[in-house]
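Heads up, the thing below is written out as structure tokens.
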Amino acid sequence: MIVKGTKELPASREVVWGVINEPSEMAKLMPGVESFEVTDDRHWTAKVKVPLGLGGLKMTIDFERLEERELEFASMRAKGKGVGALMDMTTSFTLSEAGDGKTSMDWEADVKIAGPVGSMGQRVLQPIVNQQVSQVLEALEKRVTEASASS
Amino acid sequence: MTTVETPTTEAAPETTLERGYVGLDYPRKEDRRLLQGQGVFVDDIKRWGMGYVHFVRSPYAHAKILSIDVSKALAVKGVYGTLTGDEVALQTDPFFQIASEPGAHVRDYALAVGKARYVGDPVAAVVAETRELARDAAELVEVEYEPLPAIVDARRALDEDAPILHEECGGNLAWQGTYEWGDLDAAFAEADHIVRISELHFDRFNSTPLELDGALVEYNRGTGQWTLHCNNQFPGFAIIMMGPALRVGLDKLRFVTQDIGGGFGNKITSHPQLVACCLLARKLNRPIQWTEWRTEFHQSMSHGNERWFQDIEVAVKADGTLLGFRCKALDDAGAYLRYEPLGGVIWSQVTPGMYRWRNIRVDFTQVMTNKAPVSPNRGYSRMQHLWLTERIIDIVAHELGFDPIEIRKRNYIQPEDMPYETPNGCVYDSGDYPRALDLALELIGYDQLEERRRDAESRGRLLGFGIGSTLDSGTNNFGQSQLINPDLQFSGNNEVATVKLDILGEIVVTLGTTPQGQGHETTAAQVVADILGCSPDDVTVRAGHDTYWNSHAGFSGTYASQFAVTGLGAVKGATEELARQMRVLASMVFGCSPDDIELVDKHARIKGNPEAALPFQALGAIVNAGNAGFPEDPPPLNARYVFRPKFEVPDKERKFGNLTLTYAMQIHACVVEVDPETGYYEVVDYAAVDDCGSRVNPKIVEGQVMGATAHALGAAIWESFVYDDEGNLLTPNFYDYHVPHALDMPPLRTGALESPSPFTPLGTKGMGEGGGAGIHAVCAALQDALRSRGGAIVSDSHNPYHRVWAMLRDPDATRANVEVVSK
């Protein structure tokens with residue numbers, strides 16, 4: 001499942017880059033994060049609870065930074081495992097100036113969900129993925145706005 | 001309601017068996033134990049110390065297996081051991097492949113080796129002291145995968161950039177062949193109309209046995225022999241797959257079955273799991289119990305062949321005479337070729353369907369995709385092709401303005417043509433197709449159809465009527481396998497029965513078959529009773545199959561519509577030999593000629609002298625316990641007979657020859673009512689007419705007709721294996737895969753004709769696989785119902801309500817699939 005879009009953020013590329021390139025900052029943006037642990041500057045782990053039916057789906061997700069070009073591009077891979085689900089996601093962000101101190105962020109994620117949860121299919125999973133993405137983007141917008149104001 | 005007609009046919013055979021019990025609705029002998037819960041299914045078999053196996057299955061449709069760590073599972077108390085693909089690769093050879101190149105290069109093992117190729121592909125196995133513990137421990141097996149792109153759509157499988165499942169094959173092509181008979185150019189030159197259909201799709205589904213696959217496997221270290229208590233329905237096939245893979249002779253594999261809760265072909269290809277159980281039984285030195293879970297069955301076992309028909313062209317004369325057709329057939333075999341590519345030739349048993357067209361070309365291609373492997377499924381491979389021929393008939397009628405009934409009658413093979421040689425050399429043995437259609441119309445009340453249509457319209461419903469007419473070809477000539485791989489050595493067919501008279505007069509029959517509900521114990525007893533002059537209640541037919549009985553041959557099993565021919569043919573042969581021996585023995589006692597002896601009321605007696613009679617008990621006792629003093633050896637009263645149909649090896653160059661011995665026939669007629677606002681529809685009336693030659697037990701036949709009808713309606717309306725683009729099965733359990741139950745069944749009227757086969761010992765034909773007729777009957781009824789709302793063309797075998805809604809909304813989109821060129 002590939003989801004992608006463009007988001008205009010009310011902050012400079014430096015500010016946006018500072019948020020999305022900092023694992024602890026990104027952890028704050030992700031919904032349902034119950035714990036977060038940085039292994040090294042390229043690897044970190046989060047335990048998250050994805051809203052899926054009764055009680056939600058608990059997953060342990062290992063993040064790996066794949067590539068970055070400062071202020072311009074970053075990509076990472078996230079592999080998650082929970083009862084009845086395996087997730088493999090590769091995501092990337094491309095930043096560009098949008099004028100007036102704003103930043104345009106093109107983002108894309110290739111999400112593969114396997115296991116019994118995967119058999120629920122896109123008809124069920126797509127809305128959940130969309131909801132998660134939407135929450136991350138809203139939180140990101142809020143966070144960069146705060147960071148921009150304080151800088 | 002059941003209606004029976006027995007037509008007088010000039011081809012009526014001379015059967016040597018006078019009807020007594022044969023032909024009666026004799027109560028099923030099996031039912032007493034089954035209805036009292038005393039049946040023995042594989043899951044009922046227990047052994048001390050046995051371990052339960054659970055398979056760890058791939059969550060990915062296509063992935064490299066980087067590593068498998070079983071240590072955490074092994075550390076759990078109560079876990080006996082594990083098995084991985086690496087161990088399997090060391091201890092076994094890949095399964096023999098039926099295919100010629102390129103499919104011949106597939107390396108298929110009991111567990112996935114190196115790569116997983118569909119969601120549900122078993123990659124490891126865990127054995128524990130309870131079933132639940134094995135399943136829990138399987139969760140602890142850590143498999144590191146590298147997901148790969150998956151190919152799900154067969155139409156893209158041969159694209160240059162398509163992911164490849166089996167690199168050793170060089171692509172996803174399994175098998176390809178061209179079939180052509182007659183003179184296509186002449187037929188299309190003669191045609192007044194050419195009807196073109198771009199694409200038709202036969203959907204992926206399977207049958208739903210109540211009992212899942214399973215086995216209890218024991219290994220005897222002293223003899224090196226495995227005993228497999230299982231529910232595999234074709235041991236003759238499983239054993240030749242398993243022996244070479246396990247690197248042992250077939251004498252090291254003993255198959256035992258008793259009661260099997262449905263098979264439908266789906267239980268033919270359980271040999272990979274059985275091999276895994278064999279390896280575990282040997283490794284862990286304990287019996288291994290395997291019972292599949294329902295989701296595993298849906299996910300990984302035996303889907304029916306999905307098939308696309310493309311670029312169809314039909315040559316039609318102005319009066320509706322069909323001259324021929326050509327098309328491409330693209331078959332999706334799934335991830336492994338477990339019984340394939342036999343589907344690539346099986347369809348040609350019924351090449352012209354029920355019609356007289358003589359010019360036919362099919363370019364057949366089979367590909368592999370990241371979906372569950374296919375295997376035979378009730379109506380295997382013929383069902384898809386017969387659905388095509390029926391779709392052609394109805395689309396031609398729809399586009400050229402012919403009555404679907406009249407065009408069928410005009411083009412049906414006629415009773416006076418029987419036995420009829422098809423363009424590819426198959427011989428349809430007997431039948432009266434127009435008469436069967438008339439009977440179906442009568443049963444469904446066709447003369448009141450227009451009145452019912454108006455009534456439905458007054459209620460805001462669209463009424464549609466449709467027909468499906470199919471053949472159930474039975475008793476395979478396995479020589480047809482050489483049409484897809486000339487190097488194969490299989491040909492002909494055989495089945496075995498033994499019948500003996502025991503010491504206290506017991507009549508005991510053993511079969512080579514593996515009945516799954518077909519009533520073999522009953523019908524075999526009816527045949528024996530008529531020959532020996534006793535009651536079916538006096539006959540014990542051993543339940544199930546056991547290699548140790550020596551009552552089996554290479555093709556033994558229960559599959560492909562053949563028991564009434566091969567199984568009962570063997571029973572008849574063995575019983576007649578036993579009867580001969582009994583007469584000889586009685587003649588030795590009485591000092592008369594064997595010809596003077598008759599078998600009546602459980603006695604061997606001198607004809608015309610009822611006082612000179614020996615009870616069967618006396619005959620059994622003489623031979624088995626009191627045989628001294630005979631001047632010459634008395635007969636053993638134990639007869640083994642191998643029934644072997646007289647087949648020739650087909651002509652490989654011309655793809656010509658008789659591929660099956662009998663052709664049962666079905667006409668299904670169906671009435672639907674469609675809600676034009678939602679696409680929801682109901683089957684409101686249904687009739688099924690079956691002609692399977694002489695019926696040994698009409699009630700059992702009717703039961704099979706009803707079962708096949710239920711399967712058809714499930715496939716037509718509710719049952720579909722749907723995959724997403726990444727190869728996830730979206731319908732892996734009963735929540736999404738609805739199997740029709742009693743309340744889903746419409747009012748059903750059954751009718752029967754009896755056109756005895758001139759080629760079989762009892763005039764019988766194999767039967768029970770006629771469900772394809774029902775699939776088409778629903779398609780045709782929907783197309784008829786939608787005629788007044790834009791004239792949509794039904795191009796899929798599976799039509800859930802949302803698809804009907806889409807056809808109502810945009811009929812033109814479906815009509816773009818069809819073009820008529822008139823000269």
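Quick note on naming: the chains in the structure tokens go A, B, ... in the order shown, residues restart at 1 in each chain, and ligands are numbered from 1 in order of appearance.
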
Contacts between chain B and chain A, please, where a residue of chain A counts if it comes within 10 Å (with only C-alpha atoms); show its shortest atom pair and distance in Å to one decimal, rows by chain and ascending number, as JSON lines.
{"residue": "A:Met1", "atom": "CA", "partner": "B:Glu726", "partner_atom": "CA", "distance": 8.0}
{"residue": "A:Val83", "atom": "CA", "partner": "B:Glu139", "partner_atom": "CA", "distance": 8.5}
{"residue": "A:Gly84", "atom": "CA", "partner": "B:Pro59", "partner_atom": "CA", "distance": 9.1}
{"residue": "A:Ala85", "atom": "CA", "partner": "B:Pro59", "partner_atom": "CA", "distance": 8.2}
{"residue": "A:Leu86", "atom": "CA", "partner": "B:Pro59", "partner_atom": "CA", "distance": 7.6}
{"residue": "A:Asp88", "atom": "CA", "partner": "B:Pro147", "partner_atom": "CA", "distance": 8.4}
{"residue": "A:Lys112", "atom": "CA", "partner": "B:Glu726", "partner_atom": "CA", "distance": 7.8}
{"residue": "A:Ile113", "atom": "CA", "partner": "B:Tyr60", "partner_atom": "CA", "distance": 8.7}
{"residue": "A:Ala114", "atom": "CA", "partner": "B:Pro59", "partner_atom": "CA", "distance": 5.1}
{"residue": "A:Gly115", "atom": "CA", "partner": "B:Pro59", "partner_atom": "CA", "distance": 4.5}
{"residue": "A:Pro116", "atom": "CA", "partner": "B:Pro59", "partner_atom": "CA", "distance": 7.7}
{"residue": "A:Val117", "atom": "CA", "partner": "B:Asn728", "partner_atom": "CA", "distance": 9.5}
{"residue": "A:Gly118", "atom": "CA", "partner": "B:Asn728", "partner_atom": "CA", "distance": 6.3}
{"residue": "A:Ser119", "atom": "CA", "partner": "B:Leu730", "partner_atom": "CA", "distance": 4.6}
{"residue": "A:Met120", "atom": "CA", "partner": "B:Leu730", "partner_atom": "CA", "distance": 5.8}
{"residue": "A:Gly121", "atom": "CA", "partner": "B:Leu730", "partner_atom": "CA", "distance": 5.8}
{"residue": "A:Gln122", "atom": "CA", "partner": "B:Asp724", "partner_atom": "CA", "distance": 7.6}
{"residue": "A:Arg123", "atom": "CA", "partner": "B:Leu730", "partner_atom": "CA", "distance": 9.7}

May I have the residues from that selection written out with C-alpha atoms, as a compact mmCIF listing (two decimals), in the first residue's frame?
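Printed below is out_27.txt as written:
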# COMPACT_ATOMS: atom_id res chain seq x y z
CA MET A 1 0.00 0.00 0.00
CA VAL A 83 0.47 -10.43 17.44
CA GLY A 84 -1.09 -11.21 14.11
CA ALA A 85 0.69 -8.52 12.16
CA LEU A 86 3.99 -7.72 10.55
CA ASP A 88 7.33 -3.24 6.76
CA LYS A 112 3.29 -3.59 3.73
CA ILE A 113 1.17 -5.27 6.37
CA ALA A 114 1.28 -9.02 6.54
CA GLY A 115 -0.22 -11.70 8.74
CA PRO A 116 -3.86 -12.07 9.75
CA VAL A 117 -4.22 -8.30 10.09
CA GLY A 118 -2.98 -7.97 6.52
CA SER A 119 -5.79 -10.24 5.38
CA MET A 120 -8.23 -7.58 6.48
CA GLY A 121 -7.07 -5.80 3.39
CA GLN A 122 -6.94 -2.26 2.24
CA ARG A 123 -10.65 -1.73 2.72

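CA of Gly771 in chain B to CA of Val565 in chain B spans 20.0 Å [interatomic distance, one decimal].
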
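Residues with any atom within 10 Å of Asn21 in chain A, counting only C-alpha atoms and excluding same-chain neighbours fewer than 3 positions away, are Val15, Val16, Trp17, Gly18, Ser24, Glu25, Met26, Arg65, Glu68, Glu70, Leu71, Phe73, Ala74 and Ser75 of chain A.
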
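Residues in contact range of Lys602 in chain B, defined as at most 9 Å between only C-alpha atoms, with sequence neighbours fewer than 4 positions away removed, read Gly505, Leu532, Gly533, Cys534, Ser535, Asp538, Leu614, Pro615, Phe616 and Gln617 of chain B.
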
Taken to one decimal, the CA of Asn485 in chain B-CA of Arg358 in chain B distance is 25.3 Å

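What separates CA of Asp259 in chain B from CA of Gly81 in chain B is a distance of 29.7 Å.
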
Please extract the residues of chain A with a backbone DSSP assignment of helix (DSSP H, G or I) and present them as number ranges by chain.
A: 13-20, 23-29, 118-120, 122-150

Could you write out, as a PyMOL selection string, all the residues of range 16-136 of chain A that DSSP marks as strand (DSSP E)? chain A and resi 33-40+43-50+57-69+73-82+85-99+102-114

Selected residues written out, C-alpha atoms, as a PDB file, in the first residue's frame:
ATOM      1  CA  VAL A  33       3.611   5.632  21.248  1.00  0.00           C
ATOM      2  CA  GLU A  34       3.942   3.921  24.622  1.00  0.00           C
ATOM      3  CA  SER A  35       7.717   3.844  24.857  1.00  0.00           C
ATOM      4  CA  PHE A  36      10.666   4.931  22.806  1.00  0.00           C
ATOM      5  CA  GLU A  37      14.299   3.939  22.874  1.00  0.00           C
ATOM      6  CA  VAL A  38      17.230   5.192  20.798  1.00  0.00           C
ATOM      7  CA  THR A  39      19.760   2.493  20.017  1.00  0.00           C
ATOM      8  CA  ASP A  40      22.209   4.696  18.115  1.00  0.00           C
ATOM      9  CA  HIS A  43      18.433   3.035  14.839  1.00  0.00           C
ATOM     10  CA  TRP A  44      15.641   3.425  17.348  1.00  0.00           C
ATOM     11  CA  THR A  45      12.695   1.415  18.599  1.00  0.00           C
ATOM     12  CA  ALA A  46       9.167   2.365  19.540  1.00  0.00           C
ATOM     13  CA  LYS A  47       6.368   0.416  21.134  1.00  0.00           C
ATOM     14  CA  VAL A  48       3.103   1.677  19.731  1.00  0.00           C
ATOM     15  CA  LYS A  49      -0.537   0.846  20.009  1.00  0.00           C
ATOM     16  CA  VAL A  50      -2.372   1.082  16.710  1.00  0.00           C
ATOM     17  CA  LEU A  57      -2.812  -3.665  18.063  1.00  0.00           C
ATOM     18  CA  LYS A  58       0.437  -3.433  19.991  1.00  0.00           C
ATOM     19  CA  MET A  59       3.531  -3.384  17.836  1.00  0.00           C
ATOM     20  CA  THR A  60       7.209  -3.079  18.397  1.00  0.00           C
ATOM     21  CA  ILE A  61       8.659  -1.069  15.570  1.00  0.00           C
ATOM     22  CA  ASP A  62      12.351  -0.899  14.713  1.00  0.00           C
ATOM     23  CA  PHE A  63      13.336   2.206  12.769  1.00  0.00           C
ATOM     24  CA  GLU A  64      16.420   2.468  10.627  1.00  0.00           C
ATOM     25  CA  ARG A  65      17.652   5.638   9.004  1.00  0.00           C
ATOM     26  CA  LEU A  66      18.462   4.814   5.385  1.00  0.00           C
ATOM     27  CA  GLU A  67      19.580   7.974   3.658  1.00  0.00           C
ATOM     28  CA  GLU A  68      19.592  11.694   4.180  1.00  0.00           C
ATOM     29  CA  ARG A  69      20.644  14.816   2.330  1.00  0.00           C
ATOM     30  CA  PHE A  73      15.742  14.489   1.747  1.00  0.00           C
ATOM     31  CA  ALA A  74      15.464  11.749   4.327  1.00  0.00           C
ATOM     32  CA  SER A  75      14.298   8.172   4.169  1.00  0.00           C
ATOM     33  CA  MET A  76      13.907   5.456   6.721  1.00  0.00           C
ATOM     34  CA  ARG A  77      12.609   1.974   7.109  1.00  0.00           C
ATOM     35  CA  ALA A  78      10.348   0.753   9.882  1.00  0.00           C
ATOM     36  CA  LYS A  79       9.784  -2.908  10.608  1.00  0.00           C
ATOM     37  CA  GLY A  80       7.088  -3.707  13.113  1.00  0.00           C
ATOM     38  CA  LYS A  81       5.902  -6.896  14.716  1.00  0.00           C
ATOM     39  CA  GLY A  82       2.814  -7.554  16.766  1.00  0.00           C
ATOM     40  CA  ALA A  85       0.694  -8.516  12.159  1.00  0.00           C
ATOM     41  CA  LEU A  86       3.993  -7.717  10.547  1.00  0.00           C
ATOM     42  CA  MET A  87       4.639  -4.267   9.147  1.00  0.00           C
ATOM     43  CA  ASP A  88       7.334  -3.236   6.762  1.00  0.00           C
ATOM     44  CA  MET A  89       7.354   0.432   5.794  1.00  0.00           C
ATOM     45  CA  THR A  90       9.765   2.508   3.792  1.00  0.00           C
ATOM     46  CA  THR A  91       9.107   6.211   3.981  1.00  0.00           C
ATOM     47  CA  SER A  92      10.777   9.314   2.597  1.00  0.00           C
ATOM     48  CA  PHE A  93      10.472  13.093   2.880  1.00  0.00           C
ATOM     49  CA  THR A  94      11.600  15.682   0.361  1.00  0.00           C
ATOM     50  CA  LEU A  95      11.708  19.272   1.546  1.00  0.00           C
ATOM     51  CA  SER A  96      11.671  22.392  -0.606  1.00  0.00           C
ATOM     52  CA  GLU A  97      11.252  26.110  -0.031  1.00  0.00           C
ATOM     53  CA  ALA A  98       7.660  27.274  -0.408  1.00  0.00           C
ATOM     54  CA  GLY A  99       8.269  31.005   0.049  1.00  0.00           C
ATOM     55  CA  LYS A 102       7.318  28.071   4.599  1.00  0.00           C
ATOM     56  CA  THR A 103       8.409  24.588   3.633  1.00  0.00           C
ATOM     57  CA  SER A 104       6.787  22.186   1.284  1.00  0.00           C
ATOM     58  CA  MET A 105       7.162  18.547   2.259  1.00  0.00           C
ATOM     59  CA  ASP A 106       6.541  15.768  -0.272  1.00  0.00           C
ATOM     60  CA  TRP A 107       6.178  12.535   1.587  1.00  0.00           C
ATOM     61  CA  GLU A 108       5.651   8.961   0.561  1.00  0.00           C
ATOM     62  CA  ALA A 109       5.310   5.681   2.421  1.00  0.00           C
ATOM     63  CA  ASP A 110       5.195   2.159   1.088  1.00  0.00           C
ATOM     64  CA  VAL A 111       3.459   0.182   3.795  1.00  0.00           C
ATOM     65  CA  LYS A 112       3.286  -3.587   3.731  1.00  0.00           C
ATOM     66  CA  ILE A 113       1.171  -5.268   6.370  1.00  0.00           C
ATOM     67  CA  ALA A 114       1.276  -9.025   6.539  1.00  0.00           C
TER      68      ALA A 114
END

Find the residues around Val396 in chain B up to 9 Å (only C-alpha atoms counted), leave out those fewer than 2 positions away in its own chain, and share them as a count of residues only.
15

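Residue nearest Thr662 in chain B, chosen from B:Ile405, B:Val350, B:Ile622, B:Leu337 and counting only C-alpha atoms: B:Val350.
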
Show me, as a list of chain:residue names, the residues that have an atom within 8 Å of Arg143 in chain A when counting only C-alpha atoms, minus same-chain residues fewer than 3 positions from it. A:Val19, A:Leu29, A:Ala139, A:Leu140, A:Glu146, A:Ala147

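With distances restricted to only C-alpha atoms, B:Leu246 is the closest residue to Ala110 in chain B from B:Leu246, B:Arg135, B:Val22, B:Asn232.
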
message: Need the shell around range 124-133 of chain A: protein/DNA/RNA residues with any atom at most 8 Å away, counting only C-alpha atoms. Skip same-chain ones fewer than 6 positions apart. Format as a ChimeraX atom specification?
response: /A:30-31,51-52,118

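The nearest approach to Ala27 in chain A among the residues A:Val136, A:Ala149, A:Val144, A:Ala11, with only C-alpha atoms taken into account, belongs to A:Val136.
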